[in-house]
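my_file_38.cif (mmCIF, C-alpha atoms) appears below.
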data_protein
#
loop_
_atom_site.label_atom_id
_atom_site.label_comp_id
_atom_site.auth_asym_id
_atom_site.auth_seq_id
_atom_site.Cartn_x
_atom_site.Cartn_y
_atom_site.Cartn_z
CA MET A 16 0.00 0.00 0.00
CA LEU A 17 1.46 3.34 -1.11
CA PRO A 18 1.63 6.16 1.44
CA ALA A 19 -0.31 9.37 0.85
CA CYS A 20 1.78 12.51 0.40
CA PRO A 21 1.30 15.75 2.35
CA ARG A 22 -0.52 18.49 0.44
CA ALA A 23 2.44 20.92 0.42
CA GLY A 24 4.91 18.29 -0.81
CA GLU A 25 2.28 17.05 -3.23
CA ALA A 26 2.06 20.43 -4.91
CA ARG A 27 5.82 20.62 -5.42
CA TYR A 28 6.09 17.06 -6.70
CA VAL A 29 3.13 17.28 -9.06
CA GLY A 30 4.60 20.52 -10.35
CA ARG A 31 7.73 18.63 -11.35
CA VAL A 32 5.70 15.83 -12.92
CA ILE A 33 3.44 18.15 -14.89
CA GLY A 34 6.42 20.26 -15.82
CA LEU A 35 8.03 17.16 -17.27
CA LEU A 36 4.83 16.20 -19.03
CA SER A 37 4.29 19.72 -20.34
CA LYS A 38 7.57 19.41 -22.21
CA ALA A 39 5.96 16.69 -24.24
CA ARG A 40 3.85 17.92 -27.08
CA THR A 41 1.44 15.41 -28.47
CA LEU A 42 -1.87 14.05 -27.61
CA GLY A 43 0.12 10.97 -26.78
CA LEU A 44 1.81 12.58 -23.77
CA ALA A 45 -1.18 14.77 -23.16
CA SER A 46 -3.22 11.55 -23.29
CA ALA A 47 -0.68 10.00 -21.04
CA LEU A 48 -1.20 13.05 -18.86
CA VAL A 49 -4.89 12.64 -19.58
CA LEU A 50 -4.82 9.00 -18.60
CA ALA A 51 -1.87 8.83 -16.32
CA THR A 52 -0.96 11.06 -13.33
CA GLY A 53 -2.54 12.21 -10.09
CA CYS A 54 -2.09 12.27 -6.34
CA ALA A 55 -3.44 9.62 -4.06
CA ALA A 56 -6.98 10.27 -2.96
CA ALA A 57 -7.44 11.31 0.63
CA PRO A 58 -9.34 8.94 2.89
CA THR A 59 -12.28 11.32 3.04
CA PRO A 60 -13.47 13.88 0.49
CA SER A 61 -12.93 17.54 1.24
CA THR A 62 -15.69 19.63 2.77
CA PRO A 63 -17.23 22.71 1.14
CA ALA A 64 -15.33 24.88 3.62
CA GLU A 65 -12.04 23.35 2.50
CA ARG A 66 -12.93 24.07 -1.15
CA ALA A 67 -13.87 27.71 -0.54
CA ALA A 68 -11.39 30.26 -1.87
CA THR A 69 -11.20 34.03 -1.64
CA PRO A 70 -12.23 35.43 -5.05
CA ASP A 71 -9.28 37.81 -5.18
CA THR A 72 -6.81 34.92 -4.89
CA ILE A 73 -8.17 33.01 -7.92
CA THR A 74 -5.82 33.53 -10.86
CA LYS A 75 -5.04 31.87 -14.17
CA ASP A 76 -1.97 30.18 -12.66
CA ASN A 77 -3.84 29.12 -9.51
CA PRO A 78 -7.61 28.77 -10.08
CA GLY A 79 -7.83 27.03 -6.70
CA GLY A 80 -6.92 30.25 -4.91
CA ASP A 81 -6.15 30.18 -1.22
CA ALA A 82 -8.51 27.29 -0.52
CA GLU A 83 -7.37 24.71 2.01
CA ASN A 84 -7.83 22.07 -0.70
CA PRO A 85 -6.94 23.95 -3.94
CA VAL A 86 -7.31 20.88 -6.16
CA ASP A 87 -10.91 20.26 -5.20
CA ALA A 88 -11.59 24.01 -5.28
CA ALA A 89 -10.34 24.18 -8.88
CA LEU A 90 -12.32 21.10 -9.88
CA THR A 91 -15.44 22.62 -8.31
CA ARG A 92 -14.99 25.64 -10.57
CA LEU A 93 -14.62 23.38 -13.60
CA LEU A 94 -17.87 21.71 -12.62
CA GLU A 95 -19.92 24.85 -11.90
CA GLU A 96 -18.57 27.72 -14.03
CA PRO A 97 -20.17 28.55 -17.42
CA LEU A 98 -18.65 27.51 -20.74
CA GLY A 99 -16.54 29.60 -23.08
CA ARG A 100 -14.56 29.18 -26.30
CA GLN A 101 -10.82 29.28 -26.81
CA ILE A 102 -9.04 29.36 -30.18
CA ASP A 103 -5.80 27.87 -31.43
CA LYS A 104 -2.78 29.84 -32.59
CA PHE A 105 -3.78 29.44 -36.24
CA LYS A 106 -7.29 30.90 -35.66
CA THR A 107 -8.96 27.75 -36.97
CA LEU A 108 -10.09 25.49 -34.09
CA GLN A 109 -12.32 26.59 -31.21
CA PRO A 110 -12.48 24.20 -28.24
CA VAL A 111 -14.87 24.80 -25.34
CA PHE A 112 -13.94 24.82 -21.64
CA SER A 113 -15.66 25.69 -18.39
CA ASP A 114 -14.17 28.61 -16.45
CA ASN A 115 -12.75 29.61 -19.82
CA LYS A 116 -10.97 32.78 -18.62
CA ASN A 117 -8.55 30.73 -16.49
CA TRP A 118 -7.38 28.45 -19.32
CA LYS A 119 -4.12 29.26 -21.07
CA ARG A 120 -2.81 28.20 -24.46
CA ILE A 121 0.56 26.38 -24.20
CA ARG A 122 3.00 24.32 -26.26
CA PHE A 123 4.22 20.80 -25.55
CA PHE A 124 7.92 20.99 -26.42
CA GLY A 125 9.19 17.99 -28.33
CA TYR A 126 5.74 16.75 -29.35
CA PRO A 127 3.99 18.61 -32.20
CA THR A 128 0.32 19.33 -31.63
CA ARG A 129 -2.24 21.62 -33.20
CA ALA A 130 -2.93 23.30 -29.85
CA GLY A 131 -2.47 22.72 -26.13
CA PHE A 132 -4.23 24.24 -23.13
CA ARG A 133 -3.75 24.04 -19.39
CA TYR A 134 -5.81 24.92 -16.32
CA GLY A 135 -3.54 26.03 -13.50
CA LYS A 136 0.22 26.03 -13.18
CA ASP A 137 2.55 24.29 -10.72
CA PRO A 138 0.59 22.10 -10.43
CA ASN A 139 -1.79 21.75 -13.36
CA TYR A 140 -5.35 20.86 -12.45
CA ALA A 141 -6.43 19.98 -16.00
CA ALA A 142 -5.01 19.94 -19.50
CA ALA A 143 -6.29 19.58 -23.04
CA VAL A 144 -4.67 18.95 -26.39
CA LEU A 145 -5.75 19.03 -30.06
CA LEU A 146 -4.20 16.89 -32.80
CA TYR A 147 -4.74 17.47 -36.52
CA TRP A 148 -2.83 15.57 -39.19
CA GLU A 149 -3.11 14.10 -42.67
CA ALA A 150 -4.13 10.44 -42.92
CA GLU A 151 -5.12 8.07 -45.68
CA ASP A 152 -7.68 6.44 -43.38
CA ASP A 153 -9.60 9.45 -42.06
CA ALA A 154 -12.34 7.50 -40.26
CA PRO A 155 -12.70 8.79 -36.66
CA THR A 156 -12.36 5.28 -35.23
CA SER A 157 -9.05 4.76 -37.03
CA CYS A 158 -7.78 8.17 -35.94
CA ILE A 159 -8.52 7.65 -32.25
CA GLU A 160 -6.97 4.19 -32.21
CA ALA A 161 -3.77 5.57 -33.72
CA VAL A 162 -3.57 8.15 -30.94
CA ALA A 163 -4.31 5.55 -28.26
CA VAL A 164 -1.35 3.46 -29.45
CA LYS A 165 0.95 6.49 -29.26
CA ALA A 166 -0.34 7.31 -25.78
CA GLU A 167 0.45 3.81 -24.53
CA ARG A 168 3.99 4.02 -25.92
CA ILE A 169 4.62 7.37 -24.24
CA ALA A 170 3.17 6.05 -20.99
CA GLU A 171 5.64 3.17 -21.04
CA ALA A 172 8.51 5.55 -21.74
CA PHE A 173 7.60 7.67 -18.71
CA ASP A 174 6.69 4.72 -16.44
CA LEU A 175 3.06 5.77 -16.27
CA GLU A 176 0.62 3.19 -14.94
CA MET A 177 -2.47 3.05 -17.16
CA ASP A 178 -5.69 1.28 -16.32
CA ASP A 179 -7.97 -0.46 -18.79
CA LEU A 180 -9.46 1.81 -21.42
CA GLN A 181 -13.20 2.00 -22.01
CA ARG A 182 -14.44 2.63 -25.55
CA GLU A 183 -17.83 3.96 -26.57
CA MET A 184 -19.43 5.77 -29.49
CA ARG A 185 -20.97 9.24 -29.16
CA ASP A 186 -21.83 11.90 -31.69
CA HIS A 187 -20.75 15.48 -32.22
CA ARG A 188 -22.22 18.53 -33.91
CA ARG A 189 -20.95 18.78 -37.46
CA GLY A 190 -19.59 22.09 -38.73
CA VAL A 191 -18.07 23.71 -41.80
CA GLU A 192 -15.84 20.69 -42.41
CA ALA A 193 -18.96 18.75 -43.43
CA VAL A 194 -19.89 21.20 -46.20
CA ASP A 195 -19.10 20.54 -49.86
CA TRP A 196 -18.27 24.18 -50.53
CA PRO A 197 -18.16 24.09 -54.37
CA ALA A 198 -21.59 22.44 -54.51
CA TYR A 199 -22.88 24.72 -51.75
CA GLU A 200 -21.67 27.84 -53.59
CA ALA A 201 -23.18 26.64 -56.88
CA GLU A 202 -26.53 25.92 -55.24
CA TRP A 203 -26.50 29.31 -53.54
CA LYS A 204 -25.70 31.11 -56.80
CA ALA A 205 -28.63 29.36 -58.50
CA LYS A 206 -30.93 30.47 -55.69
CA GLU A 207 -29.61 34.02 -55.92
CA ALA A 208 -30.13 34.10 -59.69
CA GLU A 209 -33.74 32.97 -59.23
CA ARG A 210 -34.29 35.55 -56.50
CA ILE A 211 -32.85 38.37 -58.61
CA GLU A 212 -34.99 37.36 -61.62
CA LYS A 213 -38.16 37.40 -59.52
CA LEU A 214 -37.16 40.73 -58.07
CA ARG A 215 -36.63 42.17 -61.54
CA GLU A 216 -40.12 41.07 -62.55
CA GLN A 217 -41.59 42.67 -59.44
CA LEU A 218 -39.71 45.89 -60.10
CA LYS A 219 -40.90 45.88 -63.71
CA LYS A 220 -44.53 45.53 -62.61
CA ALA A 221 -44.04 48.23 -60.00
CA GLU A 222 -42.57 50.55 -62.66
CA GLU A 223 -45.57 49.89 -64.92
CA ARG A 224 -47.93 50.76 -62.07
CA ARG A 225 -45.96 53.93 -61.41
CA GLU A 226 -46.22 54.86 -65.09
CA GLN A 227 -49.98 54.29 -65.06
CA LEU A 228 -50.36 56.41 -61.96
CA ARG A 229 -48.25 59.13 -63.55
CA LYS A 230 -50.43 59.18 -66.67
CA ARG A 231 -53.62 59.23 -64.62
CA ARG A 232 -52.28 62.13 -62.61
CA GLU A 233 -51.34 64.04 -65.74
CA GLU A 234 -54.85 63.46 -67.16
CA TYR A 235 -56.40 64.59 -63.90
CA LEU A 236 -54.28 67.72 -63.80
CA ALA A 237 -55.17 68.46 -67.45
CA ARG A 238 -58.91 68.11 -66.75
CA ARG A 239 -58.62 70.27 -63.67
CA GLU A 240 -56.77 72.94 -65.62
CA ALA A 241 -59.39 72.87 -68.41
CA LEU A 242 -62.18 73.21 -65.84
CA ARG A 243 -60.38 76.10 -64.21
CA GLN A 244 -59.95 77.88 -67.54
CA LYS A 245 -63.63 77.36 -68.29
CA GLN A 246 -64.62 78.83 -64.94
CA LEU A 247 -62.35 81.81 -65.52
CA GLN A 248 -63.94 82.46 -68.90
CA ALA A 249 -67.45 82.27 -67.45
CA GLN A 250 -66.46 84.65 -64.67
CA ALA A 251 -64.94 87.07 -67.16
CA GLN A 252 -68.12 87.07 -69.24
CA ALA A 253 -70.24 87.66 -66.14
CA ASN A 254 -68.15 90.68 -65.19
CA GLN A 255 -68.51 92.42 -68.63
CA PRO A 256 -71.10 95.39 -68.81
CA GLU A 257 -74.45 94.43 -70.37
CA ALA A 258 -75.18 95.82 -73.84
CA THR A 259 -77.87 98.60 -73.82
CA GLN A 260 -81.11 97.66 -75.60
CA PRO A 261 -83.04 100.36 -77.73
CA ALA A 262 -86.00 102.00 -75.94
CA ALA A 263 -89.41 100.65 -76.86
CA GLU A 264 -91.26 102.72 -79.43
CA THR A 265 -93.98 104.77 -77.90
CA GLN A 266 -97.35 104.72 -79.58
CA PRO A 267 -99.23 108.02 -80.15
CA ALA A 268 -101.98 108.88 -77.83
CA ALA A 269 -104.44 108.80 -80.68
CA GLU A 270 -103.79 105.17 -81.31
CA THR A 271 -104.36 104.23 -77.75
CA GLN A 272 -107.51 102.37 -77.04
CA PRO A 273 -110.44 104.59 -76.22
CA ALA A 274 -111.42 104.82 -72.67
CA ALA A 275 -114.46 102.98 -71.61
CA GLU A 276 -117.63 104.85 -72.19
CA THR A 277 -119.09 106.18 -69.07
CA GLN A 278 -122.72 105.77 -68.40
CA PRO A 279 -124.74 108.18 -66.39
CA ALA A 280 -125.24 107.36 -62.78
CA ALA A 281 -128.95 107.22 -63.25
CA GLU A 282 -128.76 104.41 -65.69
CA THR A 283 -126.66 102.25 -63.45
CA ALA A 284 -128.49 99.59 -61.53
CA PRO A 285 -128.41 99.88 -57.80
CA LYS A 286 -126.11 97.39 -56.14
CA THR A 287 -126.46 95.82 -52.77
CA ALA A 288 -123.52 95.95 -50.37
CA THR A 289 -121.96 92.53 -49.73
CA PRO A 290 -120.23 91.77 -46.45
CA PRO A 291 -116.44 91.16 -46.66
CA LYS A 292 -115.24 87.60 -46.72
CA ALA A 293 -113.50 86.20 -43.73
CA PRO A 294 -109.79 85.44 -44.34
CA GLU A 295 -109.09 81.82 -45.04
CA PRO A 296 -107.03 80.05 -42.40
CA ALA A 297 -103.43 79.42 -43.32
CA PRO A 298 -102.63 75.78 -44.14
CA SER A 299 -101.27 73.97 -41.12
CA VAL A 300 -97.66 72.82 -41.38
CA PRO A 301 -97.07 69.41 -39.81
CA LYS A 302 -94.66 69.61 -36.90
CA PRO A 303 -91.87 67.12 -36.55
CA PRO A 304 -92.49 64.42 -34.00
CA GLY A 305 -91.08 65.26 -30.62
CA PRO A 306 -89.05 63.04 -28.34
CA ALA A 307 -92.21 61.67 -26.79
CA ALA A 308 -93.72 60.72 -30.16
CA THR A 309 -93.37 57.07 -30.79
CA SER A 310 -95.20 56.74 -34.11
CA ALA A 311 -96.27 59.04 -36.93
CA GLN A 312 -99.83 60.34 -36.94
CA PRO A 313 -102.01 59.49 -39.91
CA GLY A 314 -101.57 61.95 -42.71
CA GLN A 315 -98.27 63.28 -41.36
CA PRO A 316 -94.92 62.55 -43.08
CA VAL A 317 -92.38 60.45 -41.24
CA MET A 318 -89.13 62.38 -40.65
CA SER A 319 -85.90 60.45 -40.81
CA LYS A 320 -83.34 60.84 -38.08
CA VAL A 321 -80.53 63.18 -38.95
CA PRO A 322 -77.15 61.31 -38.65
CA LEU A 323 -74.62 62.79 -36.30
CA LEU A 324 -71.70 64.53 -37.92
CA ARG A 325 -68.40 62.81 -37.31
CA PHE A 326 -65.40 65.07 -37.32
CA THR A 327 -62.08 63.67 -38.38
CA ARG A 328 -58.70 65.16 -37.69
CA MET A 329 -57.56 67.20 -40.62
CA ARG A 330 -54.06 66.27 -41.70
CA ALA A 331 -51.76 69.03 -42.72
CA ARG A 332 -50.91 68.81 -46.37
CA PRO A 333 -47.16 68.41 -46.78
CA ALA A 334 -45.31 71.17 -48.51
CA PRO A 335 -44.47 70.45 -52.14
CA ARG A 336 -41.00 69.01 -52.64
CA THR A 337 -38.34 70.98 -54.38
CA PRO A 338 -36.65 69.62 -57.51
CA GLU A 339 -33.51 68.92 -55.47
CA GLN A 340 -35.49 66.84 -52.99
CA ILE A 341 -37.17 64.92 -55.78
CA ALA A 342 -33.81 64.19 -57.42
CA ALA A 343 -32.28 63.06 -54.10
CA ALA A 344 -35.23 60.73 -53.41
CA GLU A 345 -34.98 59.23 -56.89
CA LYS A 346 -31.24 58.69 -56.48
CA ALA A 347 -31.73 56.97 -53.11
CA ARG A 348 -34.38 54.75 -54.68
CA GLU A 349 -32.05 53.73 -57.50
CA GLU A 350 -29.25 52.92 -55.03
CA ARG A 351 -31.63 50.81 -52.92
CA ILE A 352 -32.75 48.88 -55.98
CA ALA A 353 -29.12 48.33 -57.03
CA ARG A 354 -28.30 46.87 -53.60
CA MET A 355 -31.31 44.58 -53.80
CA LEU A 356 -30.16 43.28 -57.19
CA GLU A 357 -26.64 42.49 -55.99
CA GLU A 358 -25.74 38.84 -55.44
CA ARG A 359 -25.38 38.16 -51.72
CA PRO A 360 -22.52 36.02 -50.37
CA ALA A 361 -23.39 32.50 -49.26
CA PRO A 362 -24.36 32.47 -45.56
CA ARG A 363 -22.75 30.26 -42.97
CA PRO A 364 -24.51 26.90 -42.84
CA HIS A 365 -26.24 26.29 -39.53
CA TYR A 366 -25.16 23.29 -37.50
CA LYS A 367 -28.78 22.14 -37.24
CA THR A 368 -28.86 21.60 -41.00
CA LEU A 369 -25.56 19.67 -40.98
CA GLY A 370 -26.66 16.91 -38.61
CA ARG A 371 -24.46 14.88 -36.30
CA GLY A 372 -21.25 12.96 -36.86
CA ASP A 373 -19.58 9.98 -35.19
CA MET A 374 -17.42 10.76 -32.15
CA PRO A 375 -15.67 7.63 -30.84
CA THR A 376 -14.52 8.02 -27.24
CA ILE A 377 -11.84 6.37 -25.10
CA VAL A 378 -11.99 6.93 -21.34
CA GLY A 379 -9.38 5.79 -18.88
CA SER A 380 -7.25 6.66 -15.88
CA GLY A 381 -3.63 6.40 -14.91
CA ALA A 382 -1.12 7.15 -12.21
CA PHE A 383 2.47 8.17 -11.85
CA ALA A 384 3.84 6.39 -8.80
CA THR A 385 7.09 7.16 -7.00
CA LEU A 386 8.64 6.11 -3.76
CA PHE A 387 6.87 8.89 -1.86
CA ASN A 388 3.54 9.55 -3.57
CA ARG A 389 1.14 8.57 -6.31
CA ASN A 390 -0.32 11.21 -8.66
CA ARG A 391 -3.54 10.24 -10.39
CA TYR A 392 -5.44 11.64 -13.37
CA LEU A 393 -8.63 10.82 -15.24
CA GLY A 394 -8.80 11.46 -18.96
CA ALA A 395 -10.50 10.87 -22.27
CA LEU A 396 -9.83 10.98 -26.00
CA VAL A 397 -12.42 11.85 -28.65
CA ALA A 398 -12.16 11.87 -32.45
CA TYR A 399 -14.27 13.80 -34.98
CA ASP A 400 -15.33 13.77 -38.59
CA SER A 401 -12.82 16.18 -40.12
CA TRP A 402 -11.87 17.52 -43.53
CA PRO A 403 -11.34 14.82 -46.18
CA GLY A 404 -8.00 13.07 -45.75
CA THR A 405 -7.33 14.42 -42.23
CA CYS A 406 -7.80 13.33 -38.61
CA LEU A 407 -8.90 15.49 -35.68
CA VAL A 408 -8.57 14.24 -32.09
CA GLN A 409 -9.00 16.04 -28.78
CA GLY A 410 -7.75 14.88 -25.38
CA PHE A 411 -8.66 16.05 -21.89
CA ALA A 412 -7.15 15.21 -18.49
CA VAL A 413 -8.29 16.22 -15.01
CA ARG A 414 -6.35 15.76 -11.82
CA VAL A 415 -7.85 13.74 -8.98
CA GLY A 416 -7.81 15.46 -5.58
CA SER A 417 -9.26 14.16 -2.37
CA ASP A 418 -12.55 13.27 -4.05
CA GLU A 419 -12.33 11.09 -7.15
CA ALA A 420 -16.09 11.38 -7.70
CA LEU A 421 -15.64 15.12 -8.21
CA ALA A 422 -12.98 14.50 -10.87
CA GLN A 423 -15.27 11.99 -12.58
CA GLN A 424 -18.07 14.57 -12.69
CA VAL A 425 -15.72 17.12 -14.26
CA LEU A 426 -14.64 14.60 -16.90
CA GLN A 427 -18.23 13.59 -17.58
CA ARG A 428 -19.25 17.21 -18.05
CA TRP A 429 -16.47 17.66 -20.58
CA LEU A 430 -17.65 14.57 -22.48
CA ASP A 431 -21.31 15.61 -22.42
CA GLU A 432 -21.19 19.38 -22.91
CA MET A 433 -17.81 20.51 -24.25
CA ALA A 434 -16.30 17.81 -26.44
CA PRO A 435 -19.35 17.47 -28.77
CA ILE A 436 -19.30 21.17 -29.74
CA LEU A 437 -15.67 21.60 -30.75
CA GLN A 438 -15.81 23.42 -34.07
CA TRP A 439 -13.69 24.84 -36.83
CA HIS A 440 -13.90 28.59 -37.27
CA LEU A 441 -17.11 29.44 -39.10
CA ASP A 442 -15.33 31.70 -41.61
CA LEU A 443 -13.36 28.81 -43.11
CA ARG A 444 -14.25 28.05 -46.71
CA GLU A 445 -11.54 25.53 -47.50
CA GLN A 446 -9.50 22.92 -45.69
CA PRO A 447 -6.91 24.56 -43.42
CA GLU A 448 -3.27 23.68 -43.83
CA VAL A 449 -1.89 21.02 -41.52
CA LYS A 450 0.42 22.89 -39.13
CA ASN A 451 1.59 22.02 -35.63
CA ARG A 452 3.38 23.85 -32.84
#

Exercise: express the given structure as structure tokens:
Amino acid sequence: MLPACPRAGEARYVGRVIGLLSKARTLGLASALVLATGCAAAPTPSTPAERAATPDTITKDNPGGDAENPVDAALTRLLEEPLGRQIDKFKTLQPVFSDNKNWKRIRFFGYPTRAGFRYGKDPNYAAAVLLYWEAEDDAPTSCIEAVAVKAERIAEAFDLEMDDLQREMRDHRRGVEAVDWPAYEAEWKAKEAERIEKLREQLKKAEERREQLRKRREEYLARREALRQKQLQAQAQANQPEATQPAAETQPAAETQPAAETQPAAETAPKTATPPKAPEPAPSVPKPPGPAATSAQPGQPVMSKVPLLRFTRMRARPAPRTPEQIAAAEKAREERIARMLEERPAPRPHYKTLGRGDMPTIVGSGAFATLFNRNRYLGALVAYDSWPGTCLVQGFAVRVGSDEALAQQVLQRWLDEMAPILQWHLDLREQPEVKNR
């Protein structure tokens, strides 16, 4: 039975071990780190008080801060903090980590890798590595098995004890590497040509409607001007002085009709005086029915109710536009139409339309044992569908503190939430060059 090391000595020793491992630069050693080292678990897990750290003491080099158990404090942050994206030196790959601000990009000297990352320094609490290389057999299962063989060889070279590896198949979210860009561009150009043709037809119909409206307006203005001229002429004729007519010819007095012959008063018959007639009553005008009237009386006309007048808000008529304003508006319209008729660049394909790809997974653990202590790590390897003729593999290792269950939860979160959403940069339109650091 191996003795457990004190926490202070453990930090110094693990610093040497991780320092040695950090000089290796492949997923192999990172996988060996992923699957190989860690300190012996304490008899009892740490308490929440032992994992608590002062926020001001948490740094990129020491995410565990001044906690009594910094390893478990750092792992608690990896388990609880939100996710964020990093990017490799070549601005192509974007892995995802929890507590992203405290991860740092590093190089593994002597072992070429696409990118390497660490969480903490002296000692490291977690590490990750990305491998990207050309391969004739680019199936993800073949790629991950090739890396597993390299990891076992490196583990033997560094006397790392590795446990049995567990293999399973998961899936990952496919990205731009799954797009056939020539076919995608051709399909997009065909869609754009169809859209522009339809738009041209719509603009042609709109221009015809504008022309019809312009003609109707010109006809309306012509009729209004003719009516105005007619009214002006009628008004001018009404204002002219009337022509004097010749006076009627007067007939001579001799030709006038003779006055009626008068008869003597004696010969006239006596007439009796007749009483004056009473004035006839004026015809009665029917009165409109009052509020109390419910029905019209016989012989009286029914009066319809007068509708209430509804007043609407009068809108102020805009001032007529100047020729400069009309020209500016027409120019802006032409520019807008020209932008609409331009061919748009192909958009980024959405991951939901690209489906899922195979992501084989290898999970294991390992330890680096010495005469005084035993450093233990949990780790995993995952492989992805990559560009044709290439392999892409990611490895992740987490250090075991006093609570191995906590380290297992951190590793499981990486497998469930972070590893499946590793992606190439969305602006890539062709396969990136294979380069390592």

Exercise: stretch 435-444 of chain A partners within 8 Å, all atoms listed in the file, chain neighbours under 5 positions left out, as number ranges by chain: A: 106-111, 186-192, 196, 363, 374, 430

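The shell of residues at most 10 Å from A:Arg428, with all atoms listed in the file counted and near chain neighbours (fewer than 4 positions) removed, consists of Leu93, Leu94, Glu95, Phe112, Ser113, Ala422, Gln423, Gln424, Glu432, Met433 and Ala434 of chain A.
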
Using only C-alpha atoms: which of A:Ile211, A:Arg185, A:Glu167, A:Thr62 has the shortest distance to A:Arg354: A:Ile211

So which residues get picked by the PyMOL selection byres ((chain A and resi 178) around 10) here, written as a CSV table (one decimal) with C-alpha atoms, in the frame of the given file?
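Saved the output as part28.csv:
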chain,number,residue,atom,x,y,z
A,50,LEU,CA,-4.8,9.0,-18.6
A,51,ALA,CA,-1.9,8.8,-16.3
A,175,LEU,CA,3.1,5.8,-16.3
A,176,GLU,CA,0.6,3.2,-14.9
A,177,MET,CA,-2.5,3.0,-17.2
A,179,ASP,CA,-8.0,-0.5,-18.8
A,180,LEU,CA,-9.5,1.8,-21.4
A,181,GLN,CA,-13.2,2.0,-22.0
A,378,VAL,CA,-12.0,6.9,-21.3
A,379,GLY,CA,-9.4,5.8,-18.9
A,380,SER,CA,-7.2,6.7,-15.9
A,381,GLY,CA,-3.6,6.4,-14.9
A,382,ALA,CA,-1.1,7.2,-12.2

Selection under test: the PyMOL selection byres ((chain A and resi 77) around 12); residues as a PyMOL selection string: chain A and resi 26+68-76+78-82+84-86+88-90+92+117-119+133-141

C-alpha atoms of the current selection, written as an mmCIF file, in the coordinates of the input:
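As written to disk, again_27.cif reads:
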data_model
loop_
_atom_site.group_PDB
_atom_site.id
_atom_site.type_symbol
_atom_site.label_atom_id
_atom_site.label_comp_id
_atom_site.auth_asym_id
_atom_site.auth_seq_id
_atom_site.Cartn_x
_atom_site.Cartn_y
_atom_site.Cartn_z
ATOM 1 C CA ALA A 26 2.060 20.430 -4.910
ATOM 2 C CA ALA A 68 -11.390 30.260 -1.870
ATOM 3 C CA THR A 69 -11.200 34.030 -1.640
ATOM 4 C CA PRO A 70 -12.230 35.430 -5.050
ATOM 5 C CA ASP A 71 -9.280 37.810 -5.180
ATOM 6 C CA THR A 72 -6.810 34.920 -4.890
ATOM 7 C CA ILE A 73 -8.170 33.010 -7.920
ATOM 8 C CA THR A 74 -5.820 33.530 -10.860
ATOM 9 C CA LYS A 75 -5.040 31.870 -14.170
ATOM 10 C CA ASP A 76 -1.970 30.180 -12.660
ATOM 11 C CA PRO A 78 -7.610 28.770 -10.080
ATOM 12 C CA GLY A 79 -7.830 27.030 -6.700
ATOM 13 C CA GLY A 80 -6.920 30.250 -4.910
ATOM 14 C CA ASP A 81 -6.150 30.180 -1.220
ATOM 15 C CA ALA A 82 -8.510 27.290 -0.520
ATOM 16 C CA ASN A 84 -7.830 22.070 -0.700
ATOM 17 C CA PRO A 85 -6.940 23.950 -3.940
ATOM 18 C CA VAL A 86 -7.310 20.880 -6.160
ATOM 19 C CA ALA A 88 -11.590 24.010 -5.280
ATOM 20 C CA ALA A 89 -10.340 24.180 -8.880
ATOM 21 C CA LEU A 90 -12.320 21.100 -9.880
ATOM 22 C CA ARG A 92 -14.990 25.640 -10.570
ATOM 23 C CA ASN A 117 -8.550 30.730 -16.490
ATOM 24 C CA TRP A 118 -7.380 28.450 -19.320
ATOM 25 C CA LYS A 119 -4.120 29.260 -21.070
ATOM 26 C CA ARG A 133 -3.750 24.040 -19.390
ATOM 27 C CA TYR A 134 -5.810 24.920 -16.320
ATOM 28 C CA GLY A 135 -3.540 26.030 -13.500
ATOM 29 C CA LYS A 136 0.220 26.030 -13.180
ATOM 30 C CA ASP A 137 2.550 24.290 -10.720
ATOM 31 C CA PRO A 138 0.590 22.100 -10.430
ATOM 32 C CA ASN A 139 -1.790 21.750 -13.360
ATOM 33 C CA TYR A 140 -5.350 20.860 -12.450
ATOM 34 C CA ALA A 141 -6.430 19.980 -16.000
#

Residues selected by the PyMOL selection byres ((chain A and resi 153) around 6), written as a PyMOL selection string: chain A and resi 150-152+154+404-406

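Considering all atoms listed in the file, the residue among A:Glu357, A:Glu160, A:Asp103, A:Asp114 positioned nearest to A:Val397 is A:Glu160.
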
Pairwise distance for atom CA of A:Ala143 and atom CA of A:Ser157, rounded to one decimal in Å: 20.6 Å

Atomic separation - atom CA of A:Ser417 relative to atom CA of A:Pro60, Å: 5.1 Å

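Remark: for A:Leu218, the closest of the candidate residues A:Lys367, A:Lys450, A:Arg351, A:Arg359 is A:Arg351 (distances computed over only C-alpha atoms).
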
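The space between atom CA of A:Pro338 and atom CA of A:Arg243 spans 25.5 Å.
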
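The nearest approach to A:Thr91 among the residues A:Ala221, A:Cys158, A:Ala67, A:Ala412, with all atoms listed in the file taken into account, belongs to A:Ala67.
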
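Taking only C-alpha atoms into account, the polymer residues that have an atom no farther than 9 Å from (-9.6, 8.6, -28.5) are Ser46, Pro155, Thr156, Cys158, Ile159, Glu160, Ala161, Val162, Ala163, Arg182, Met374, Pro375, Thr376, Ile377, Val378, Ala395, Leu396, Val397, Ala398, Val408, Gln409 and Gly410 of chain A.
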
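Among A:Ala198, A:Gln101, A:Leu356, A:Tyr399, the residue with the shortest atom-to-atom distance to A:Arg210, counting only C-alpha atoms, is A:Leu356.
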
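In this comparison, which uses only C-alpha atoms, the residue of A:Gln446, A:Gly416, A:Ala193, A:Gly131 approaching A:Asp400 most closely is A:Ala193.
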
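By chain and then residue number, the residues within 10 Å of A:Val449 are Arg129, Leu146, Tyr147, Trp148, Glu149 and Thr405 of chain A, counting all atoms listed in the file and disregarding those fewer than 5 positions away in sequence.
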